[in-house]
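Next comes work.txt, with compact mmCIF, C-alpha atoms.
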# COMPACT_ATOMS: atom_id res chain seq x y z
CA MET A 849 0.00 0.00 0.00
CA ALA A 850 1.49 3.32 -1.09
CA GLY A 851 -0.54 5.47 1.31
CA ASN A 852 -1.81 7.96 -1.25
CA THR A 853 -5.50 7.28 -0.51
CA PHE A 854 -7.55 8.57 2.45
CA GLY A 855 -10.99 7.37 3.53
CA LYS A 856 -13.11 4.27 3.08
CA ALA A 857 -16.60 5.26 1.91
CA PHE A 858 -15.45 8.64 0.52
CA ARG A 859 -12.03 7.78 -0.87
CA VAL A 860 -9.56 10.43 -2.01
CA THR A 861 -6.34 9.68 -3.86
CA THR A 862 -4.02 12.61 -4.49
CA TRP A 863 -1.31 12.71 -7.15
CA GLY A 864 1.39 15.04 -8.43
CA GLU A 865 4.51 16.88 -7.27
CA SER A 866 5.43 20.47 -6.50
CA HIS A 867 7.50 20.91 -9.66
CA GLY A 868 5.77 18.43 -11.95
CA THR A 869 2.95 19.12 -14.42
CA GLY A 870 0.48 19.62 -11.62
CA VAL A 871 -1.35 18.05 -8.71
CA GLY A 872 -4.80 16.58 -8.45
CA ALA A 873 -7.14 14.09 -6.88
CA VAL A 874 -9.53 11.28 -7.69
CA ILE A 875 -12.60 11.07 -5.45
CA ASP A 876 -14.48 7.78 -5.35
CA GLY A 877 -17.68 7.37 -3.36
CA CYS A 878 -19.17 10.86 -3.67
CA PRO A 879 -22.98 10.56 -3.75
CA PRO A 880 -24.79 11.55 -6.95
CA GLY A 881 -26.80 14.74 -7.26
CA ILE A 882 -24.48 17.01 -5.29
CA VAL A 883 -24.33 20.45 -6.91
CA LEU A 884 -20.76 21.62 -7.45
CA ASP A 885 -20.63 25.37 -7.94
CA PRO A 886 -17.23 26.12 -9.53
CA LEU A 887 -17.13 29.50 -7.77
CA LEU A 888 -17.55 27.88 -4.35
CA LEU A 889 -14.86 25.32 -5.12
CA GLN A 890 -12.49 28.01 -6.34
CA ALA A 891 -13.12 30.14 -3.24
CA GLU A 892 -11.60 27.36 -1.12
CA MET A 893 -8.57 27.15 -3.42
CA ASP A 894 -8.02 30.91 -3.28
CA ARG A 895 -7.59 30.76 0.49
CA ARG A 896 -4.72 28.29 0.14
CA ARG A 897 -2.98 29.42 -3.01
CA PRO A 898 0.50 31.02 -2.93
CA GLY A 899 1.48 34.39 -4.28
CA GLN A 900 -0.95 36.59 -2.37
CA GLY A 901 1.68 38.93 -0.93
CA GLY A 902 2.62 39.68 2.67
CA ALA A 903 4.33 36.73 4.29
CA SER A 904 3.08 34.34 1.61
CA SER A 905 5.33 32.65 -0.91
CA PRO A 906 6.12 34.81 -3.96
CA ARG A 907 5.24 31.80 -6.14
CA LYS A 908 2.28 32.81 -8.32
CA GLU A 909 -0.16 29.96 -8.87
CA PRO A 910 -3.76 30.56 -10.00
CA ASP A 911 -4.74 27.13 -8.62
CA ARG A 912 -7.69 26.75 -11.00
CA ILE A 913 -9.56 23.49 -10.53
CA GLU A 914 -10.31 21.54 -13.69
CA LEU A 915 -13.04 18.91 -13.17
CA LEU A 916 -12.28 16.12 -15.61
CA SER A 917 -14.92 13.51 -14.75
CA GLY A 918 -17.74 12.54 -12.43
CA ILE A 919 -19.97 15.56 -13.14
CA PHE A 920 -22.85 16.33 -15.46
CA THR A 921 -24.96 19.45 -16.04
CA PRO A 922 -28.61 18.41 -16.52
CA GLU A 923 -30.61 20.12 -19.22
CA GLY A 924 -32.06 23.37 -17.96
CA GLU A 925 -29.59 23.59 -15.06
CA GLU A 926 -26.70 26.04 -14.78
CA LEU A 927 -24.43 24.14 -12.41
CA PRO A 928 -22.89 20.67 -12.72
CA GLN A 929 -23.90 17.84 -10.41
CA THR A 930 -22.04 14.78 -9.29
CA THR A 931 -22.96 11.55 -11.07
CA GLY A 932 -21.82 9.10 -8.40
CA THR A 933 -18.89 7.99 -10.54
CA PRO A 934 -15.25 8.87 -9.71
CA ILE A 935 -14.53 12.59 -9.76
CA SER A 936 -11.15 13.42 -11.25
CA LEU A 937 -9.78 16.93 -10.79
CA ALA A 938 -6.52 18.62 -11.69
CA ILE A 939 -4.67 21.78 -10.67
CA PHE A 940 -1.89 22.48 -13.16
CA ASN A 941 1.36 24.12 -12.05
CA LYS A 942 2.00 27.44 -13.79
CA ASP A 943 4.93 28.96 -11.87
CA ALA A 944 7.31 26.19 -10.88
CA HIS A 945 10.98 27.27 -10.82
CA SER A 946 12.94 24.05 -10.45
CA LYS A 947 16.26 25.79 -11.18
CA SER A 948 16.02 27.48 -7.78
CA TYR A 949 16.93 24.10 -6.31
CA ASP A 950 19.93 23.31 -8.53
CA THR A 951 22.40 24.40 -5.84
CA LEU A 952 20.79 21.92 -3.45
CA ARG A 953 20.97 18.97 -5.85
CA ASP A 954 23.44 17.05 -3.68
CA ILE A 955 22.61 18.53 -0.26
CA PHE A 956 19.99 17.43 2.24
CA ARG A 957 17.88 20.27 3.62
CA PRO A 958 17.41 20.18 7.43
CA GLY A 959 13.77 19.75 8.42
CA HIS A 960 12.76 18.46 4.98
CA GLY A 961 12.06 14.97 3.72
CA ASP A 962 15.02 14.87 1.31
CA ILE A 963 17.01 12.36 3.33
CA THR A 964 14.09 10.10 4.29
CA TYR A 965 12.72 10.02 0.72
CA LEU A 966 16.13 8.88 -0.51
CA LYS A 967 16.24 6.16 2.15
CA LYS A 968 12.77 4.94 1.15
CA TYR A 969 12.75 5.27 -2.63
CA GLY A 970 16.45 5.37 -3.55
CA ILE A 971 15.82 8.45 -5.71
CA ARG A 972 17.02 12.01 -5.05
CA ASP A 973 14.45 14.23 -6.77
CA HIS A 974 15.90 17.67 -6.13
CA ARG A 975 13.01 19.62 -7.72
CA GLY A 976 11.60 21.08 -4.52
CA GLY A 977 9.81 18.86 -2.06
CA GLY A 978 8.05 16.56 -4.52
CA ARG A 979 5.21 14.72 -2.79
CA ALA A 980 6.37 16.08 0.57
CA SER A 981 5.85 19.65 -0.62
CA ALA A 982 2.95 21.72 0.66
CA ARG A 983 1.99 21.96 -3.02
CA GLU A 984 0.34 18.53 -2.64
CA THR A 985 -2.19 20.05 -0.24
CA ALA A 986 -3.83 21.95 -3.11
CA ALA A 987 -5.33 18.61 -4.16
CA ARG A 988 -6.59 18.01 -0.61
CA VAL A 989 -8.27 21.41 -0.49
CA ALA A 990 -9.96 20.73 -3.84
CA ALA A 991 -11.25 17.37 -2.61
CA GLY A 992 -12.28 18.98 0.68
CA ALA A 993 -14.26 21.58 -1.25
CA VAL A 994 -16.29 18.76 -2.81
CA ALA A 995 -16.74 17.17 0.63
CA LYS A 996 -17.95 20.54 1.94
CA GLN A 997 -20.89 20.50 -0.48
CA VAL A 998 -21.89 17.03 0.72
CA LEU A 999 -21.64 18.04 4.39
CA LEU A 1000 -23.66 21.23 3.95
CA ALA A 1001 -26.62 19.07 2.92
CA HIS A 1002 -26.37 17.52 6.40
CA ASN A 1003 -25.82 20.84 8.24
CA VAL A 1004 -22.21 20.00 9.05
CA GLU A 1005 -19.91 23.02 8.98
CA VAL A 1006 -16.17 23.22 9.64
CA CYS A 1007 -14.21 26.32 10.62
CA ALA A 1008 -10.50 26.75 11.37
CA TYR A 1009 -8.61 29.77 12.65
CA THR A 1010 -5.28 30.81 14.15
CA VAL A 1011 -5.00 30.82 17.95
CA ALA A 1012 -1.21 31.25 18.20
CA LEU A 1013 1.60 32.33 15.89
CA GLY A 1014 5.24 32.82 16.79
CA GLY A 1015 4.43 32.90 20.50
CA VAL A 1016 1.59 35.42 20.13
CA LYS A 1017 -1.61 33.88 21.54
CA ILE A 1018 -5.21 34.99 21.28
CA LYS A 1019 -7.10 36.20 24.35
CA THR A 1020 -10.57 36.46 22.79
CA ARG A 1021 -12.55 34.48 20.19
CA ASP A 1022 -14.75 36.48 17.83
CA LEU A 1023 -15.32 34.27 14.80
CA GLN A 1024 -17.15 37.11 13.06
CA ILE A 1025 -13.85 38.90 12.37
CA LEU A 1026 -11.92 36.00 10.83
CA GLY A 1027 -12.07 37.62 7.41
CA ASP A 1028 -10.79 40.95 8.73
CA ASN A 1029 -7.14 39.84 8.93
CA ARG A 1030 -4.99 37.56 6.82
CA PHE A 1031 -4.26 35.15 9.66
CA PHE A 1032 -7.93 34.21 10.10
CA CYS A 1033 -7.42 35.18 13.73
CA PRO A 1034 -10.46 35.69 16.00
CA ASP A 1035 -8.64 38.32 18.10
CA SER A 1036 -7.92 41.60 16.28
CA GLU A 1037 -5.32 42.76 18.81
CA ALA A 1038 -3.47 39.45 18.59
CA ALA A 1039 -3.63 39.63 14.79
CA GLU A 1040 -1.79 42.96 14.85
CA LYS A 1041 0.90 41.50 17.08
CA MET A 1042 1.20 38.48 14.80
CA GLU A 1043 1.77 40.83 11.87
CA GLU A 1044 4.58 42.54 13.77
CA ARG A 1045 6.09 39.19 14.73
CA VAL A 1046 6.10 37.99 11.11
CA LEU A 1047 7.89 41.13 9.93
CA GLU A 1048 10.43 40.80 12.74
CA VAL A 1049 11.24 37.15 11.95
CA ARG A 1050 11.34 37.78 8.20
CA LYS A 1051 14.16 40.29 8.75
CA GLN A 1052 16.02 37.64 10.76
CA GLY A 1053 15.79 35.16 7.88
CA ASP A 1054 13.87 32.73 10.04
CA THR A 1055 10.38 31.19 10.17
CA LEU A 1056 7.51 30.70 12.62
CA GLY A 1057 5.26 27.95 13.97
CA GLY A 1058 1.83 28.28 15.52
CA ILE A 1059 -1.44 26.64 16.54
CA VAL A 1060 -4.63 26.29 14.50
CA GLU A 1061 -7.97 25.44 16.11
CA ILE A 1062 -10.67 23.65 14.12
CA THR A 1063 -14.31 23.37 15.13
CA ALA A 1064 -17.05 21.35 13.46
CA SER A 1065 -20.76 21.01 14.00
CA CYS A 1066 -21.49 17.29 13.85
CA PRO A 1067 -24.45 14.97 14.41
CA ALA A 1068 -24.16 12.35 17.13
CA GLY A 1069 -23.23 8.78 16.20
CA LEU A 1070 -20.30 9.21 13.78
CA GLY A 1071 -17.18 7.15 14.36
CA GLU A 1072 -16.33 3.56 15.25
CA PRO A 1073 -15.68 2.35 18.82
CA VAL A 1074 -12.28 0.67 18.45
CA PHE A 1075 -9.56 1.27 15.84
CA ASP A 1076 -11.54 3.77 13.75
CA LYS A 1077 -12.47 6.09 16.61
CA LEU A 1078 -13.54 9.44 15.22
CA GLU A 1079 -10.77 11.33 17.02
CA ALA A 1080 -8.22 8.78 15.80
CA GLU A 1081 -9.33 9.25 12.19
CA LEU A 1082 -9.39 13.03 12.57
CA ALA A 1083 -5.89 12.94 14.05
CA HIS A 1084 -4.79 10.70 11.19
CA GLY A 1085 -6.06 13.17 8.62
CA LEU A 1086 -4.58 16.20 10.34
CA MET A 1087 -1.24 14.54 11.13
CA SER A 1088 -0.93 13.60 7.45
CA ILE A 1089 -0.43 17.32 6.74
CA GLY A 1090 3.32 17.81 6.45
CA ALA A 1091 3.66 20.78 8.82
CA VAL A 1092 1.49 19.34 11.61
CA LYS A 1093 3.41 17.81 14.53
CA GLY A 1094 0.69 17.44 17.15
CA VAL A 1095 -3.10 17.19 17.57
CA GLU A 1096 -5.30 17.95 20.58
CA VAL A 1097 -8.97 17.01 21.00
CA GLY A 1098 -11.14 19.07 23.35
CA ALA A 1099 -9.17 19.91 26.50
CA GLY A 1100 -6.24 18.02 24.96
CA PHE A 1101 -3.11 17.81 27.09
CA GLY A 1102 -4.89 19.87 29.72
CA VAL A 1103 -6.71 16.72 30.89
CA ALA A 1104 -3.44 15.49 32.41
CA GLU A 1105 -3.75 18.17 35.09
CA MET A 1106 -7.46 17.67 35.80
CA LEU A 1107 -9.39 15.58 38.30
CA GLY A 1108 -12.02 13.26 36.92
CA SER A 1109 -14.69 15.49 38.44
CA GLU A 1110 -13.23 18.42 36.49
CA ASN A 1111 -12.73 16.64 33.19
CA ASN A 1112 -16.13 14.93 32.95
CA ASP A 1113 -18.75 16.89 31.02
CA SER A 1114 -21.95 16.59 33.01
CA ILE A 1115 -24.90 15.36 30.96
CA ILE A 1116 -27.97 17.60 31.09
CA PRO A 1117 -31.31 17.51 29.23
CA ASP A 1118 -30.00 19.91 26.57
CA GLY A 1119 -26.72 18.02 26.05
CA PHE A 1120 -23.56 18.64 28.07
CA SER A 1121 -22.52 21.27 30.60
CA GLY A 1122 -19.03 21.54 29.10
CA ASN A 1123 -16.97 20.24 26.20
CA ASN A 1124 -13.67 18.91 27.53
CA ALA A 1125 -14.37 15.83 25.40
CA GLY A 1126 -14.21 17.93 22.24
CA GLY A 1127 -17.49 16.54 20.95
CA ILE A 1128 -16.37 12.90 20.98
CA LEU A 1129 -16.98 10.15 23.57
CA ALA A 1130 -15.71 6.57 23.20
CA GLY A 1131 -14.67 7.34 19.64
CA ILE A 1132 -18.17 8.43 18.60
CA SER A 1133 -19.45 11.99 18.12
CA ASN A 1134 -21.80 13.06 20.91
CA GLY A 1135 -23.59 15.85 19.04
CA ASP A 1136 -21.59 18.65 20.65
CA THR A 1137 -19.16 20.82 18.70
CA ILE A 1138 -15.99 18.97 17.71
CA VAL A 1139 -12.95 20.95 18.86
CA LEU A 1140 -9.44 20.19 17.60
CA ARG A 1141 -6.10 21.98 17.70
CA VAL A 1142 -2.97 21.31 15.68
CA ALA A 1143 0.62 22.33 16.35
CA VAL A 1144 2.19 23.67 13.16
CA LYS A 1145 5.97 23.57 12.88
CA PRO A 1146 8.03 26.44 11.41
CA ILE A 1147 8.72 26.27 7.67
CA PRO A 1148 12.08 24.40 7.43
CA SER A 1149 13.40 26.46 4.49
CA ILE A 1150 15.22 29.35 6.15
CA ALA A 1151 17.74 31.93 4.98
CA LYS A 1152 20.03 31.30 7.96
CA VAL A 1153 23.13 29.15 7.57
CA GLN A 1154 22.60 25.56 8.80
CA LYS A 1155 24.76 22.46 9.03
CA SER A 1156 23.97 19.41 6.91
CA ILE A 1157 25.58 16.70 4.77
CA ASN A 1158 25.70 16.00 1.04
CA LEU A 1159 25.22 12.78 -0.93
CA ALA A 1160 28.85 11.87 -0.20
CA ASN A 1161 28.13 12.14 3.54
CA GLU A 1162 30.40 15.16 3.82
CA GLU A 1163 29.63 17.97 6.24
CA VAL A 1164 28.46 21.12 4.50
CA GLU A 1165 26.75 24.39 5.29
CA ILE A 1166 23.46 25.27 3.64
CA GLN A 1167 21.51 28.48 3.19
CA VAL A 1168 18.16 27.83 1.53
CA GLY A 1169 17.14 30.38 -1.08
CA GLY A 1170 14.12 30.22 -3.35
CA ARG A 1171 10.55 31.29 -2.62
CA HIS A 1172 9.18 30.22 0.73
CA ASP A 1173 6.61 31.25 3.32
CA ILE A 1174 7.53 32.62 6.74
CA SER A 1175 4.89 30.35 8.27
CA ALA A 1176 2.54 27.62 7.09
CA ILE A 1177 -0.13 29.78 8.75
CA PRO A 1178 -2.48 31.04 7.35
CA ARG A 1179 -2.35 28.89 4.18
CA ILE A 1180 -2.57 25.70 6.22
CA ILE A 1181 -5.98 26.71 7.61
CA PRO A 1182 -8.06 25.58 4.57
CA VAL A 1183 -5.94 22.40 4.48
CA CYS A 1184 -6.91 21.60 8.08
CA GLU A 1185 -10.54 22.27 7.25
CA ALA A 1186 -10.29 20.01 4.21
CA MET A 1187 -8.90 17.06 6.19
CA VAL A 1188 -11.60 17.40 8.85
CA ARG A 1189 -14.27 17.56 6.13
CA LEU A 1190 -12.89 14.52 4.36
CA THR A 1191 -12.91 12.58 7.63
CA LEU A 1192 -16.42 13.63 8.61
CA VAL A 1193 -17.97 12.99 5.19
CA ASP A 1194 -16.35 9.56 5.14
CA HIS A 1195 -17.85 8.65 8.52
CA LEU A 1196 -21.18 10.23 7.62
CA LEU A 1197 -21.45 8.01 4.55
CA ARG A 1198 -20.30 4.97 6.54
CA GLN A 1199 -22.97 5.65 9.16
CA THR A 1200 -25.63 6.20 6.49
CA ALA A 1201 -24.73 2.86 4.92
CA LEU A 1202 -24.92 1.22 8.36
CA LEU A 1203 -28.39 2.63 8.98
CA ARG A 1204 -29.48 1.32 5.58
CA GLY A 1205 -28.23 -2.09 6.59
CA GLU A 1206 -25.52 -2.24 3.92

structure tokens encoding of this file:
Amino acid sequence: MAGNTFGKAFRVTTWGESHGTGVGAVIDGCPPGIVLDPLLLQAEMDRRRPGQGGASSPRKEPDRIELLSGIFTPEGEELPQTTGTPISLAIFNKDAHSKSYDTLRDIFRPGHGDITYLKKYGIRDHRGGGRASARETAARVAAGAVAKQVLLAHNVEVCAYTVALGGVKIKTRDLQILGDNRFFCPDSEAAEKMEERVLEVRKQGDTLGGIVEITASCPAGLGEPVFDKLEAELAHGLMSIGAVKGVEVGAGFGVAEMLGSENNDSIIPDGFSGNNAGGILAGISNGDTIVLRVAVKPIPSIAKVQKSINLANEEVEIQVGGRHDISAIPRIIPVCEAMVRLTLVDHLLRQTALLRGE
């Protein structure tokens, strides 16, 4: 198994490399009759795409989705609908500069997958990060945009936002202002400080990590009680994002400092008195809001001099040039949303099949 496919009932296989012809996905298991508005799909892509200025990568990619199969526009309708057959979509690369990596042809970049990919595949593809590049996540966001349309029909909504960046943490949560700053931060004062921190670190030639929180409205009953627990599958999806190094559910690591009487969410006629469980009990959604947080590592490509080795196992110094972000935040936010959507739609379809007795 090559590990390029995610999901069981709603299966997504991504393909492509950062400096190849493009990236894309094949979705198998999407129900028929789902309206796919190209503008809504593209809106998700625009939140992730590079080249938008500020701290974002100077790489200019339009990230236009091309739907190649699995859709049909009925007579008299303006928008295409899914047919129930595999949906194939492509996002072609338009601004790949492979020559930027020529000086790194024989050198392993610290923090990147260069050395582990060579150990696994026996091939040193020096054209950027290949499959390990964040470019692959464009295909995930496209697939997640399709999943979003399925979930909306079941009143399931997913929202992600920045709660910490470079040591700057939010103190308030006003989700109404997420679109007012480029970090999708629910605290306007913290967003200003994050902006200052990014500029400061950019001048130092370094990069930043942070924390993204994801919430999802979700019906009760999704998830399996043993190996496919809902939080386990959500963590799987989120940890498969290259920059994510940790996942918390609900109170997360805070539960280690609680008493049982503090951690338990009392059950009341209207639901629960709290949400330390993060919307999941015994691996199954309890109907409360799902709350997740991911730790995002700093971008490993930095302008500072670092120690490494080359293909001959000789010690060398490396200074990574090229076009890179200061932080994976905010572009990782729609990627996190996509992986949560892909997980939830997969379990929703699995539960629906179970209720039908399939």

**Prompt:** Using only C-alpha atoms, which of the listed residues (A:Leu999, A:Val874, A:Ala1176, A:Ile1018) sits closest to Thr853 of chain A?
**Reply:**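 Among A:Leu999, A:Val874, A:Ala1176, A:Ile1018, it is A:Val874 that comes nearest to Thr853 of chain A.
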
Can I get the residues of segment 1137-1166 of chain A within 10 Å of segment 1009-1017 of chain A, each with the closest pair of atoms and their distance in Å to one decimal, using only C-alpha atoms, sorted chain first then ascending number, as JSON lines?
{"residue": "A:Arg1141", "atom": "CA", "partner": "A:Val1011", "partner_atom": "CA", "distance": 8.9}
{"residue": "A:Val1142", "atom": "CA", "partner": "A:Thr1010", "partner_atom": "CA", "distance": 9.9}
{"residue": "A:Ala1143", "atom": "CA", "partner": "A:Ala1012", "partner_atom": "CA", "distance": 9.3}
{"residue": "A:Val1144", "atom": "CA", "partner": "A:Leu1013", "partner_atom": "CA", "distance": 9.1}
{"residue": "A:Pro1146", "atom": "CA", "partner": "A:Gly1014", "partner_atom": "CA", "distance": 8.8}

**Fill in**
Separating atom CA of His1084 of chain A from atom CA of Glu892 of chain A, to the nearest tenth of an Å, is a gap of 21.8 Å

**Request:** Extract, using only C-alpha atoms, all DNA, RNA and protein residues at most 12 Å from Met1187 of chain A, discarding same-chain residues fewer than 4 positions from it, and format them as an NGL selection string.
**Result:** :A and (854-855 or 860 or 985-996 or 1006-1008 or 1062 or 1064 or 1081-1089 or 1092 or 1140 or 1142 or 1180-1183 or 1191-1194)

**Request:** Find the spatial neighbours of segment 916-929 of chain A, counting all atoms listed in the file, within a cut-off of 10 Å - ignore same-chain residues fewer than 6 positions away - and output them as a list in words.
**Result:** Val874, Ile875, Asp876, Cys878, Pro879, Pro880, Gly881, Ile882, Val883, Leu884, Asp885, Pro886, Ile935, Ser936, Leu937 and Ala938 of chain A

**Complete:** The distance between atom CA of Gly1094 of chain A and atom CA of Val1139 of chain A is 14.2 Å

**Request:** Please identify all polymer residues within 12 Å of Leu1202 of chain A, counting all atoms listed in the file, omitting same-chain residues fewer than 6 positions from it, and present them as number ranges by chain.
**Result:** A: 857, 1069-1072, 1195-1196

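The nearest approach to Thr869 of chain A among the residues A:Ala1104, A:Lys1145, A:Ile1132, A:Ile939, with only C-alpha atoms taken into account, belongs to A:Ile939.
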
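For the pair atom CA of Asp1136 of chain A and atom CA of Gly1122 of chain A, the separation is 9.3 Å.
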
Excluding Asp1113 of chain A and residues on its chain fewer than 5 positions from it, collect all residues at most 10 Å away from it, counting all atoms listed in the file, and give them as a tab-separated table (two decimals) with C-alpha atoms, in the coordinates of the input.
chain	number	residue	atom	x	y	z
A	1108	GLY	CA	-12.02	13.26	36.92
A	1119	GLY	CA	-26.72	18.02	26.05
A	1120	PHE	CA	-23.56	18.64	28.07
A	1121	SER	CA	-22.52	21.27	30.60
A	1122	GLY	CA	-19.03	21.54	29.10
A	1123	ASN	CA	-16.97	20.24	26.20
A	1124	ASN	CA	-13.67	18.91	27.53
A	1125	ALA	CA	-14.37	15.83	25.40
A	1126	GLY	CA	-14.21	17.93	22.24

Where does segment 858-959 of chain A meet segment 1147-1153 of chain A within 8 Å, residue by residue, with the nearest atom pair and distance in Å to one decimal for each, counting all atoms listed in the file, listed by chain and rising number, as a tab-separated table?
residue	atom	partner	partner_atom	distance
A:Arg957	CA	A:Ser1149	CA	7.7
A:Pro958	CA	A:Pro1148	CA	6.8
A:Gly959	CA	A:Pro1148	CA	5.0

**Message:** When you count only C-alpha atoms, which of these residues is closest to Val1060 of chain A: A:Glu1096, A:Glu1110, A:Glu1044, A:Asp911?
**Reply:** A:Glu1096

**Asked** Which polymer residues have any atom within 12 Å of an atom of Glu1040 of chain A, counting only C-alpha atoms, with same-chain residues fewer than 4 positions away left out, as a list in words?
**Response**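 Returned residues: Leu1013, Val1016, Lys1017, Ile1018, Asp1028, Asn1029, Arg1030, Phe1031, Phe1032, Cys1033, Pro1034, Asp1035, Ser1036, Glu1044, Arg1045, Val1046 and Leu1047 of chain A.
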
**Request:** Select all residues near (-24.4, 22.0, 18.6) (cut-off 8 Å, inclusive, file coordinates), counting all atoms listed in the file, and output them as a ChimeraX atom specification.
**Result:** /A:1065-1066,1135-1137

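Closest approach to Lys968 of chain A among A:Ile1138, A:Ala850, A:Leu1203, A:Val998 is made by A:Ala850 (distances from only C-alpha atoms).
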